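For reference, upload-v5.txt (compact mmCIF, C-alpha atoms):
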# COMPACT_ATOMS: atom_id res chain seq x y z
CA MET A 1 32.84 71.98 -2.20
CA SER A 2 35.29 72.84 0.59
CA ASP A 3 32.72 72.07 3.26
CA ALA A 4 31.72 68.70 1.78
CA PHE A 5 33.35 66.74 4.61
CA ALA A 6 31.43 68.62 7.30
CA ARG A 7 28.15 68.40 5.39
CA CYS A 8 28.47 64.63 4.99
CA TYR A 9 28.92 64.08 8.70
CA LEU A 10 26.11 66.46 9.61
CA LEU A 11 23.87 64.02 7.79
CA VAL A 12 24.34 61.50 10.62
CA PHE A 13 22.60 63.90 13.03
CA GLY A 14 19.88 64.44 10.45
CA GLN A 15 19.47 60.70 9.98
CA LEU A 16 19.08 60.21 13.72
CA ALA A 17 16.41 62.91 13.84
CA VAL A 18 14.41 61.75 10.82
CA GLY A 19 14.72 58.05 11.58
CA GLY A 20 14.06 58.64 15.26
CA PHE A 21 10.74 60.38 14.65
CA MET A 22 9.82 57.61 12.22
CA ALA A 23 10.58 54.96 14.84
CA LEU A 24 8.49 56.76 17.46
CA SER A 25 5.42 55.69 15.50
CA ALA A 26 6.11 52.04 16.39
CA PRO A 27 5.65 51.95 20.21
CA PRO A 28 1.99 52.17 21.29
CA PHE A 29 1.48 55.75 22.46
CA HIS A 30 -1.21 55.02 25.05
CA ASP A 31 0.55 51.98 26.55
CA ILE A 32 3.72 53.82 27.57
CA GLU A 33 4.05 56.77 29.93
CA ARG A 34 4.17 60.13 28.18
CA GLY A 35 7.61 60.81 29.67
CA PHE A 36 9.23 58.34 27.27
CA PHE A 37 7.92 60.19 24.23
CA LYS A 38 8.82 63.57 25.74
CA SER A 39 12.44 62.64 26.43
CA THR A 40 13.02 60.62 23.26
CA ALA A 41 11.39 63.13 20.91
CA SER A 42 13.40 65.91 22.55
CA VAL A 43 16.63 64.06 21.76
CA TYR A 44 15.61 63.73 18.12
CA LEU A 45 14.58 67.38 17.98
CA ALA A 46 18.01 68.35 19.34
CA ALA A 47 19.63 66.28 16.56
CA ALA A 48 17.45 68.03 13.97
CA LEU A 49 18.39 71.45 15.37
CA ALA A 50 22.08 70.51 15.26
CA THR A 51 21.70 69.52 11.60
CA PHE A 52 19.90 72.76 10.75
CA ALA A 53 22.39 74.92 12.66
CA GLY A 54 25.33 73.19 11.00
CA LEU A 55 23.95 73.47 7.47
CA LEU A 56 22.96 77.10 8.04
CA THR A 57 26.43 77.97 9.32
CA LEU A 58 28.13 76.27 6.38
CA ALA A 59 25.80 78.02 3.91
CA LEU A 60 26.52 81.41 5.47
CA GLU A 61 30.26 80.79 5.34
CA ALA A 62 30.22 79.54 1.74
CA THR A 63 31.38 81.91 -0.99
CA SER A 64 28.44 81.23 -3.30
CA PRO A 65 26.15 78.58 -1.81
CA GLY A 66 23.48 78.72 -4.52
CA TRP A 67 19.73 78.33 -4.17
CA GLN A 68 19.96 74.55 -3.70
CA ARG A 69 21.88 74.98 -0.46
CA TRP A 70 19.35 77.50 0.87
CA PHE A 71 16.48 75.24 -0.15
CA GLU A 72 18.12 72.40 1.81
CA VAL A 73 18.49 74.64 4.85
CA GLY A 74 14.84 75.64 4.50
CA THR A 75 13.60 72.05 4.47
CA TRP A 76 15.53 71.27 7.66
CA ALA A 77 14.13 74.45 9.24
CA ALA A 78 10.59 73.27 8.44
CA PHE A 79 11.40 69.89 9.96
CA CYS A 80 12.68 71.54 13.14
CA VAL A 81 9.60 73.76 13.46
CA SER A 82 7.14 70.90 13.02
CA GLY A 83 9.18 68.70 15.36
CA ALA A 84 9.20 71.44 18.00
CA VAL A 85 5.41 71.78 17.75
CA TYR A 86 5.03 68.02 18.22
CA VAL A 87 7.36 67.95 21.22
CA ALA A 88 5.54 70.90 22.80
CA SER A 89 2.18 69.17 22.24
CA LEU A 90 3.33 66.24 24.39
CA TRP A 91 2.98 68.47 27.46
CA GLY A 92 -0.70 69.08 26.75
CA GLU A 93 -3.85 67.27 25.72
CA ALA A 94 -4.35 68.79 22.27
CA VAL A 95 -4.77 65.42 20.60
CA ALA A 96 -5.60 66.74 17.12
CA LEU A 97 -2.65 69.16 17.15
CA ARG A 98 -0.29 66.41 18.30
CA ALA A 99 -1.44 64.03 15.58
CA ARG A 100 -1.16 66.65 12.85
CA ALA A 101 2.21 67.89 14.10
CA PHE A 102 3.61 64.36 14.15
CA THR A 103 2.39 63.69 10.61
CA VAL A 104 3.89 66.95 9.35
CA THR A 105 7.13 66.18 11.19
CA LEU A 106 7.42 62.84 9.39
CA LEU A 107 6.62 64.46 6.04
CA THR A 108 9.06 67.35 6.40
CA GLY A 109 11.72 64.99 7.72
CA VAL A 110 11.45 62.77 4.66
CA ILE A 111 11.57 65.84 2.40
CA ALA A 112 14.63 67.26 4.19
CA ALA A 113 16.51 63.96 4.03
CA THR A 114 15.57 63.53 0.36
CA VAL A 115 16.79 67.01 -0.54
CA SER A 116 20.08 66.42 1.28
CA ALA A 117 20.58 63.08 -0.46
CA GLU A 118 19.96 64.62 -3.88
CA MET A 119 22.73 67.16 -3.25
CA TYR A 120 25.30 64.38 -3.80
CA ARG A 121 23.80 62.93 -6.95
CA LEU A 122 26.15 63.18 -9.96
CA ALA A 123 23.55 62.21 -12.57
CA GLY A 124 20.67 64.23 -13.95
CA VAL A 125 17.20 64.51 -12.49
CA LEU A 126 15.74 61.90 -14.86
CA SER A 127 18.04 59.14 -13.69
CA LEU A 128 18.08 56.04 -11.51
CA GLU A 129 20.19 57.90 -8.98
CA THR A 130 17.32 60.29 -8.25
CA ILE A 131 15.46 57.38 -6.65
CA LEU A 132 18.33 55.39 -5.16
CA TYR A 133 20.08 58.21 -3.29
CA PRO A 134 17.16 59.25 -1.05
CA LEU A 135 15.95 55.66 -0.72
CA ASN A 136 19.25 54.51 0.75
CA LEU A 137 19.51 57.50 3.08
CA LEU A 138 15.94 57.12 4.35
CA LEU A 139 16.34 53.39 5.04
CA ALA A 140 19.62 54.06 6.83
CA SER A 141 17.87 56.78 8.84
CA LEU A 142 15.07 54.41 9.83
CA CYS A 143 17.59 51.77 10.90
CA LEU A 144 19.51 54.25 13.06
CA GLY A 145 16.32 55.71 14.51
CA ALA A 146 14.87 52.28 15.30
CA VAL A 147 17.93 50.99 17.14
CA ALA A 148 18.31 54.26 19.07
CA THR A 149 14.63 54.20 20.03
CA GLY A 150 14.99 50.59 21.14
CA MET A 151 17.90 51.56 23.38
CA MET A 152 15.97 54.45 24.95
CA LEU A 153 12.81 52.39 25.37
CA GLY A 154 14.86 49.70 27.05
CA HIS A 155 16.05 52.25 29.61
CA TRP A 156 12.42 53.16 30.29
CA TYR A 157 11.84 49.67 31.68
CA LEU A 158 14.03 50.71 34.61
CA ILE A 159 11.48 53.43 35.38
CA ASP A 160 8.26 51.60 34.53
CA THR A 161 8.96 48.09 35.83
CA GLY A 162 5.44 46.92 34.99
CA LEU A 163 5.67 47.77 31.28
CA PRO A 164 4.95 44.68 29.14
CA ILE A 165 7.62 43.35 26.80
CA GLU A 166 5.54 43.87 23.62
CA PRO A 167 6.56 47.52 22.93
CA LEU A 168 10.25 46.59 23.04
CA VAL A 169 9.61 43.59 20.79
CA ARG A 170 7.77 45.84 18.34
CA ILE A 171 10.63 48.33 18.06
CA PHE A 172 13.10 45.44 17.79
CA ARG A 173 11.19 44.05 14.82
CA LEU A 174 11.24 47.47 13.19
CA PHE A 175 15.02 47.62 13.68
CA VAL A 176 15.51 44.18 12.11
CA ALA A 177 13.24 45.02 9.18
CA ALA A 178 15.00 48.35 8.57
CA LEU A 179 18.44 46.71 8.80
CA ALA A 180 17.43 44.04 6.27
CA LEU A 181 15.89 46.60 3.92
CA GLN A 182 18.94 48.84 4.17
CA ALA A 183 21.30 45.97 3.37
CA GLY A 184 19.13 44.79 0.49
CA ALA A 185 18.81 48.30 -0.92
CA GLY A 186 22.57 48.83 -0.68
CA VAL A 187 23.41 45.67 -2.62
CA THR A 188 20.67 46.31 -5.17
CA SER A 189 21.79 49.91 -5.64
CA LEU A 190 25.38 48.87 -6.33
CA LEU A 191 24.23 46.40 -8.96
CA LEU A 192 21.79 48.81 -10.60
CA LEU A 193 24.27 51.66 -10.65
CA TRP A 194 26.97 49.40 -12.06
CA PHE A 195 24.83 48.39 -15.04
CA LEU A 196 22.46 51.35 -15.41
CA GLY A 197 24.15 54.27 -13.67
CA ALA A 198 25.31 57.46 -15.33
CA PRO A 199 28.93 57.61 -16.55
CA ALA A 200 29.93 59.89 -13.67
CA THR A 201 28.42 57.47 -11.15
CA LEU A 202 30.13 54.50 -12.78
CA GLN A 203 33.43 56.32 -12.50
CA GLN A 204 32.87 56.71 -8.76
CA LEU A 205 32.03 53.02 -8.47
CA HIS A 206 35.39 52.16 -10.00
CA LEU A 207 37.00 54.55 -7.52
CA LEU A 208 35.19 52.80 -4.65
CA PHE A 209 36.34 49.31 -5.62
CA ASP A 210 39.84 50.35 -6.67
CA ASP A 211 40.81 52.72 -3.85
CA HIS A 212 38.29 52.33 -1.02
CA LEU A 213 37.52 48.61 -0.85
CA VAL A 214 38.79 48.34 2.74
CA LEU A 215 36.54 51.24 3.71
CA LEU A 216 33.56 49.51 2.10
CA ALA A 217 34.42 46.25 3.88
CA ALA A 218 34.59 48.06 7.23
CA ARG A 219 31.23 49.66 6.57
CA VAL A 220 29.61 46.30 5.79
CA ALA A 221 31.30 44.63 8.77
CA THR A 222 29.91 47.11 11.30
CA ALA A 223 26.45 47.49 9.84
CA PRO A 224 24.77 45.36 8.64
CA LEU A 225 26.88 42.34 9.70
CA ALA A 226 27.82 43.19 13.30
CA ALA A 227 24.45 44.86 13.84
CA ALA A 228 22.70 41.72 12.57
CA GLY A 229 24.65 39.56 15.01
CA LEU A 230 23.70 41.88 17.86
CA ALA A 231 20.08 41.78 16.71
CA TRP A 232 20.11 37.99 17.06
CA MET A 233 21.48 38.34 20.59
CA ILE A 234 18.79 40.90 21.45
CA TRP A 235 16.12 38.53 20.22
CA ARG A 236 17.46 35.73 22.43
CA THR A 237 17.35 37.97 25.49
CA LEU A 238 13.80 39.11 24.67
CA LEU A 239 12.70 35.48 24.62
CA VAL A 240 13.75 35.08 28.28
CA PRO A 241 12.58 37.93 28.67
CA GLN A 242 15.42 40.01 30.09
CA THR A 243 14.95 43.69 29.30
CA MET A 244 18.13 44.89 31.03
CA ALA A 245 20.33 42.60 28.95
CA ALA A 246 18.41 43.53 25.80
CA THR A 247 18.93 47.22 26.57
CA GLY A 248 22.67 46.72 26.93
CA LEU A 249 22.75 44.94 23.59
CA PHE A 250 20.64 47.69 22.04
CA TYR A 251 23.27 50.14 23.26
CA ILE A 252 26.07 48.20 21.54
CA ALA A 253 23.94 47.80 18.42
CA THR A 254 23.37 51.57 18.36
CA LEU A 255 27.11 52.15 18.47
CA SER A 256 27.59 49.62 15.67
CA VAL A 257 24.99 51.30 13.46
CA ILE A 258 26.40 54.77 14.19
CA VAL A 259 29.93 53.66 13.27
CA GLY A 260 28.52 52.11 10.11
CA GLU A 261 26.80 55.36 9.21
CA LEU A 262 29.95 57.36 9.89
CA LEU A 263 31.84 55.06 7.53
CA GLY A 264 29.01 55.36 5.03
CA ARG A 265 29.19 59.13 5.15
CA PHE A 266 32.96 58.95 4.60
CA ILE A 267 32.28 56.84 1.52
CA LEU A 268 29.77 59.51 0.45
CA PHE A 269 32.45 62.17 0.91
CA ARG A 270 35.05 60.22 -1.07
CA THR A 271 32.88 58.86 -3.86
CA SER A 272 29.44 60.56 -3.72
CA LEU A 273 27.87 57.09 -3.48
CA PRO A 274 24.91 56.54 -1.11
CA LEU A 275 26.25 53.69 1.02
Could you express the structure from this file as structure tokens?
Amino acid sequence: MSDAFARCYLLVFGQLAVGGFMALSAPPFHDIERGFFKSTASVYLAAALATFAGLLTLALEATSPGWQRWFEVGTWAAFCVSGAVYVASLWGEAVALRARAFTVTLLTGVIAATVSAEMYRLAGVLSLETILYPLNLLLASLCLGAVATGMMLGHWYLIDTGLPIEPLVRIFRLFVAALALQAGAGVTSLLLLWFLGAPATLQQLHLLFDDHLVLLAARVATAPLAAAGLAWMIWRTLLVPQTMAATGLFYIATLSVIVGELLGRFILFRTSLPL
């Protein structure tokens, strides 16, 4: 597809949106001022809208996009609508609506990310790739969303100076868990696809190791390796505790994870592999 490059990089915005809403379930809602959730959820909604607008534009400009492309656009539209309802509910006291909207937002986000991941699968539906592609994308989304939420929560400590350290520790632990799961899933996926993948996938694996090994090394070096080192530094500052220093490190970690995802999406563009 001529627009494959653009579609791959639009996924980074989608990952931020899906993973961000996932990560918002970690901080205790009633222990933090509503303004944090309003501002942070609005950022993730903007990322979701950017993903939807980009995919819609590319589908409209395509010669023959096919029903799969329109189905993908539809899932992101549903995610945007449910996310908008949740964000709007934060300005009111409709507790039941807010809870339902958040649940639907998480569900539609997972569906949208899964559909987008499956668009790059080279094997058939009844294959290992059907599970591994969305799994890797969702874990990467959670990692990106968790570190971004940690950065934004850290900034909130400048506004609410009396906020206890526990919410930031909780989102940090989510980030570390997501980073570890993403790294483990990536290594496991490479091994499984090497031995059990479809012929077309195996061909792309040879392409990855023959022609794009430096690209793969750069991806691993930025996230998970550099991100893991920054996570250790964040943990040391949280033990002090020093929220300002931790926030600065969260900022650098966010940049590291974003660069890693950009490199991962370039690998996806070159090889159709979910790394």
Worksheet item: Pick the closest to A:Phe195 from A:Leu216, A:Leu90, A:Gly109, A:Leu128: which is it, counting all atoms listed in the file?
Response: A:Leu128
Discussion item. Need the shell around A:Glu61: protein/DNA/RNA residues with any atom at most 12 Å away, counting only C-alpha atoms. Skip same-chain ones fewer than 4 positions apart. Format as a ChimeraX atom specification?
Written reply: /A:1-3,54-57,65,69
Export, as an mmCIF file, in the coordinates of the input, the selected residues with C-alpha atoms.
data_model
loop_
_atom_site.group_PDB
_atom_site.id
_atom_site.type_symbol
_atom_site.label_atom_id
_atom_site.label_comp_id
_atom_site.auth_asym_id
_atom_site.auth_seq_id
_atom_site.Cartn_x
_atom_site.Cartn_y
_atom_site.Cartn_z
ATOM 1 C CA MET A 1 32.840 71.980 -2.200
ATOM 2 C CA SER A 2 35.290 72.840 0.590
ATOM 3 C CA ASP A 3 32.720 72.070 3.260
ATOM 4 C CA GLY A 54 25.330 73.190 11.000
ATOM 5 C CA LEU A 55 23.950 73.470 7.470
ATOM 6 C CA LEU A 56 22.960 77.100 8.040
ATOM 7 C CA THR A 57 26.430 77.970 9.320
ATOM 8 C CA PRO A 65 26.150 78.580 -1.810
ATOM 9 C CA ARG A 69 21.880 74.980 -0.460
#
Worksheet item: Counting only C-alpha atoms, which residues come within 12 Å of (7.0, 72.5, 11.5), with the point read in the file's coordinates, and could you list them as a ChimeraX atom specification?
Response: /A:45,48,74-88,97-98,100-109,112
Fill in: Separation of atom CA of A:Gly150 from atom CA of A:Phe175 in Å
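Separation between atom CA of A:Phe175 and atom CA of A:Gly150: 8.0 Å.
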Worksheet item: Between A:Tyr44, A:Gly19, A:Pro224, A:Leu207, which is the closest to A:Ala185 once you count all atoms listed in the file?
Response: A:Pro224
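The residue that comes closest to A:Thr130, out of A:Ala59, A:Leu153, A:Ala198, A:Val240 and on the basis of all atoms listed in the file, is A:Ala198.
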Discussion item. Residues proximal to (21.8, 61.2, -5.3) were defined as those with any atom within 6 Å of that point in the file's coordinates, counting only C-alpha atoms. Which are they, as a list in words?
Written reply: Ala117, Glu118, Tyr120, Arg121, Glu129, Thr130 and Tyr133 of chain A
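Closest to A:Ala245 among A:Pro274, A:Gly162, A:Pro199, A:Gly154 is A:Gly154, based on all atoms listed in the file.
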Worksheet entry | Atomic separation - atom CA of A:Trp156 relative to atom CA of A:Leu139, Å |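 Computed distance, atom CA of A:Leu139 to atom CA of A:Trp156, equals 25.6 Å.
Checking A:Ala94, A:Leu137, A:Leu196, A:Ile234 one by one against A:Leu16, counting only C-alpha atoms, you find the shortest gap at A:Leu137.
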Discussion item. Report, in Å to a single decimal, how far apart atom CA of A:Leu275 and atom CA of A:Leu213 are.
Written reply: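 Spanning atom CA of A:Leu213 to atom CA of A:Leu275 is a straight-line distance of 12.5 Å.
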Closest pair table for stretch 106-221 of chain A residues within 10 Å of stretch 9-13 of chain A, only C-alpha atoms, as a tab-separated table:
residue	atom	partner	partner_atom	distance
A:Ala113	CA	A:Leu11	CA	8.3
A:Ser116	CA	A:Leu11	CA	7.9
A:Ala117	CA	A:Leu11	CA	8.9
A:Leu137	CA	A:Leu11	CA	9.1
A:Ala140	CA	A:Val12	CA	9.6
A:Ser141	CA	A:Val12	CA	8.2
A:Leu144	CA	A:Val12	CA	9.0
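Of the listed residues A:Met151, A:Ile131, A:Val257, A:Leu163, the one whose atoms come nearest to A:Leu179 is A:Val257, with distances taken using all atoms listed in the file.
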Practice prompt. Would you list the contacts of A:Pro28 as a list of chain:residue names, taking every protein, DNA or RNA residue within 7 Å and counting all atoms listed in the file, but skipping same-chain residues closer than 3 positions in sequence?
Written response: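 The contact residues come out as A:Asp31, A:Ile32, A:Pro167.
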Discussion item. If we count only C-alpha atoms and set the cut-off at 8 Å, which residues sit around A:Met22, ignoring sequence neighbours fewer than 6 positions away in its own chain? Please answer as a list in words.
Written reply: Leu106, Leu142, Gly145 and Ala146 of chain A
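Using only C-alpha atoms, the contacts of A:Ile258 at a cut-off of 9 Å, with sequence neighbours closer than 3 positions omitted, comprise Val12, Leu144, Thr222, Ala223, Ala253, Thr254, Leu255, Glu261, Leu262 and Leu263 of chain A.
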Any chance you could export the current selection's C-alpha atoms as a short mmCIF file (atom, residue, chain, number, x, y, z; two decimals), in the coordinates of the input?
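part12.cif, written as the output of this step:
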data_model
loop_
_atom_site.label_atom_id
_atom_site.label_comp_id
_atom_site.auth_asym_id
_atom_site.auth_seq_id
_atom_site.Cartn_x
_atom_site.Cartn_y
_atom_site.Cartn_z
CA VAL A 12 24.34 61.50 10.62
CA LEU A 144 19.51 54.25 13.06
CA THR A 222 29.91 47.11 11.30
CA ALA A 223 26.45 47.49 9.84
CA ALA A 253 23.94 47.80 18.42
CA THR A 254 23.37 51.57 18.36
CA LEU A 255 27.11 52.15 18.47
CA GLU A 261 26.80 55.36 9.21
CA LEU A 262 29.95 57.36 9.89
CA LEU A 263 31.84 55.06 7.53
#
Could I get the residues of stretch 177-226 of chain A with an atom no further than 8 Å from an atom of stretch 267-271 of chain A, each paired with its nearest atom pair and that distance in Å to one decimal, using only C-alpha atoms, sorted by chain and residue number, as CSV?
residue,atom,partner,partner_atom,distance
A:Gln204,CA,A:Thr271,CA,5.4
A:Leu205,CA,A:Thr271,CA,7.5
A:Leu207,CA,A:Thr271,CA,7.0
A:Leu208,CA,A:Thr271,CA,6.5
A:His212,CA,A:Ile267,CA,7.9
A:Leu215,CA,A:Ile267,CA,7.4
A:Leu216,CA,A:Ile267,CA,7.5
Please extract stretch 217-236 of chain A and write it out with N, CA and C atoms, as a short mmCIF file (atom, residue, chain, number, x, y, z; two decimals), in the first residue's frame.
data_model
loop_
_atom_site.label_atom_id
_atom_site.label_comp_id
_atom_site.auth_asym_id
_atom_site.auth_seq_id
_atom_site.Cartn_x
_atom_site.Cartn_y
_atom_site.Cartn_z
N ALA A 217 18.48 -3.26 16.70
CA ALA A 217 19.34 -2.96 17.85
C ALA A 217 19.01 -1.58 18.42
N ALA A 218 18.76 -0.61 17.55
CA ALA A 218 18.41 0.73 18.02
C ALA A 218 17.07 0.72 18.75
N ARG A 219 16.15 -0.08 18.24
CA ARG A 219 14.84 -0.18 18.90
C ARG A 219 14.98 -0.77 20.31
N VAL A 220 15.77 -1.83 20.44
CA VAL A 220 15.97 -2.45 21.74
C VAL A 220 16.73 -1.53 22.68
N ALA A 221 17.69 -0.77 22.14
CA ALA A 221 18.52 0.10 22.97
C ALA A 221 17.71 1.23 23.60
N THR A 222 16.74 1.76 22.85
CA THR A 222 15.95 2.88 23.38
C THR A 222 14.86 2.40 24.33
N ALA A 223 14.14 1.42 23.92
CA ALA A 223 13.12 0.80 24.76
C ALA A 223 13.02 -0.67 24.32
N PRO A 224 13.40 -1.58 25.22
CA PRO A 224 13.31 -1.44 26.68
C PRO A 224 14.57 -1.04 27.44
N LEU A 225 15.78 -1.11 26.86
CA LEU A 225 16.99 -0.98 27.67
C LEU A 225 17.14 0.40 28.31
N ALA A 226 17.14 1.46 27.49
CA ALA A 226 17.29 2.80 28.06
C ALA A 226 16.12 3.14 28.98
N ALA A 227 14.92 2.74 28.58
CA ALA A 227 13.74 3.00 29.41
C ALA A 227 13.84 2.27 30.75
N ALA A 228 14.42 1.07 30.74
CA ALA A 228 14.59 0.32 32.00
C ALA A 228 15.59 1.02 32.91
N GLY A 229 16.67 1.54 32.33
CA GLY A 229 17.63 2.29 33.13
C GLY A 229 17.02 3.53 33.75
N LEU A 230 16.20 4.22 32.98
CA LEU A 230 15.52 5.40 33.49
C LEU A 230 14.50 5.02 34.56
N ALA A 231 13.87 3.87 34.40
CA ALA A 231 12.91 3.41 35.41
C ALA A 231 13.62 3.18 36.75
N TRP A 232 14.82 2.62 36.69
CA TRP A 232 15.59 2.43 37.93
C TRP A 232 15.89 3.76 38.58
N MET A 233 16.25 4.76 37.79
CA MET A 233 16.54 6.09 38.33
C MET A 233 15.28 6.73 38.93
N ILE A 234 14.15 6.53 38.27
CA ILE A 234 12.88 7.05 38.81
C ILE A 234 12.59 6.43 40.17
N TRP A 235 12.81 5.12 40.26
CA TRP A 235 12.54 4.44 41.52
C TRP A 235 13.41 4.99 42.65
N ARG A 236 14.68 5.28 42.34
CA ARG A 236 15.58 5.81 43.37
C ARG A 236 15.11 7.19 43.84
#
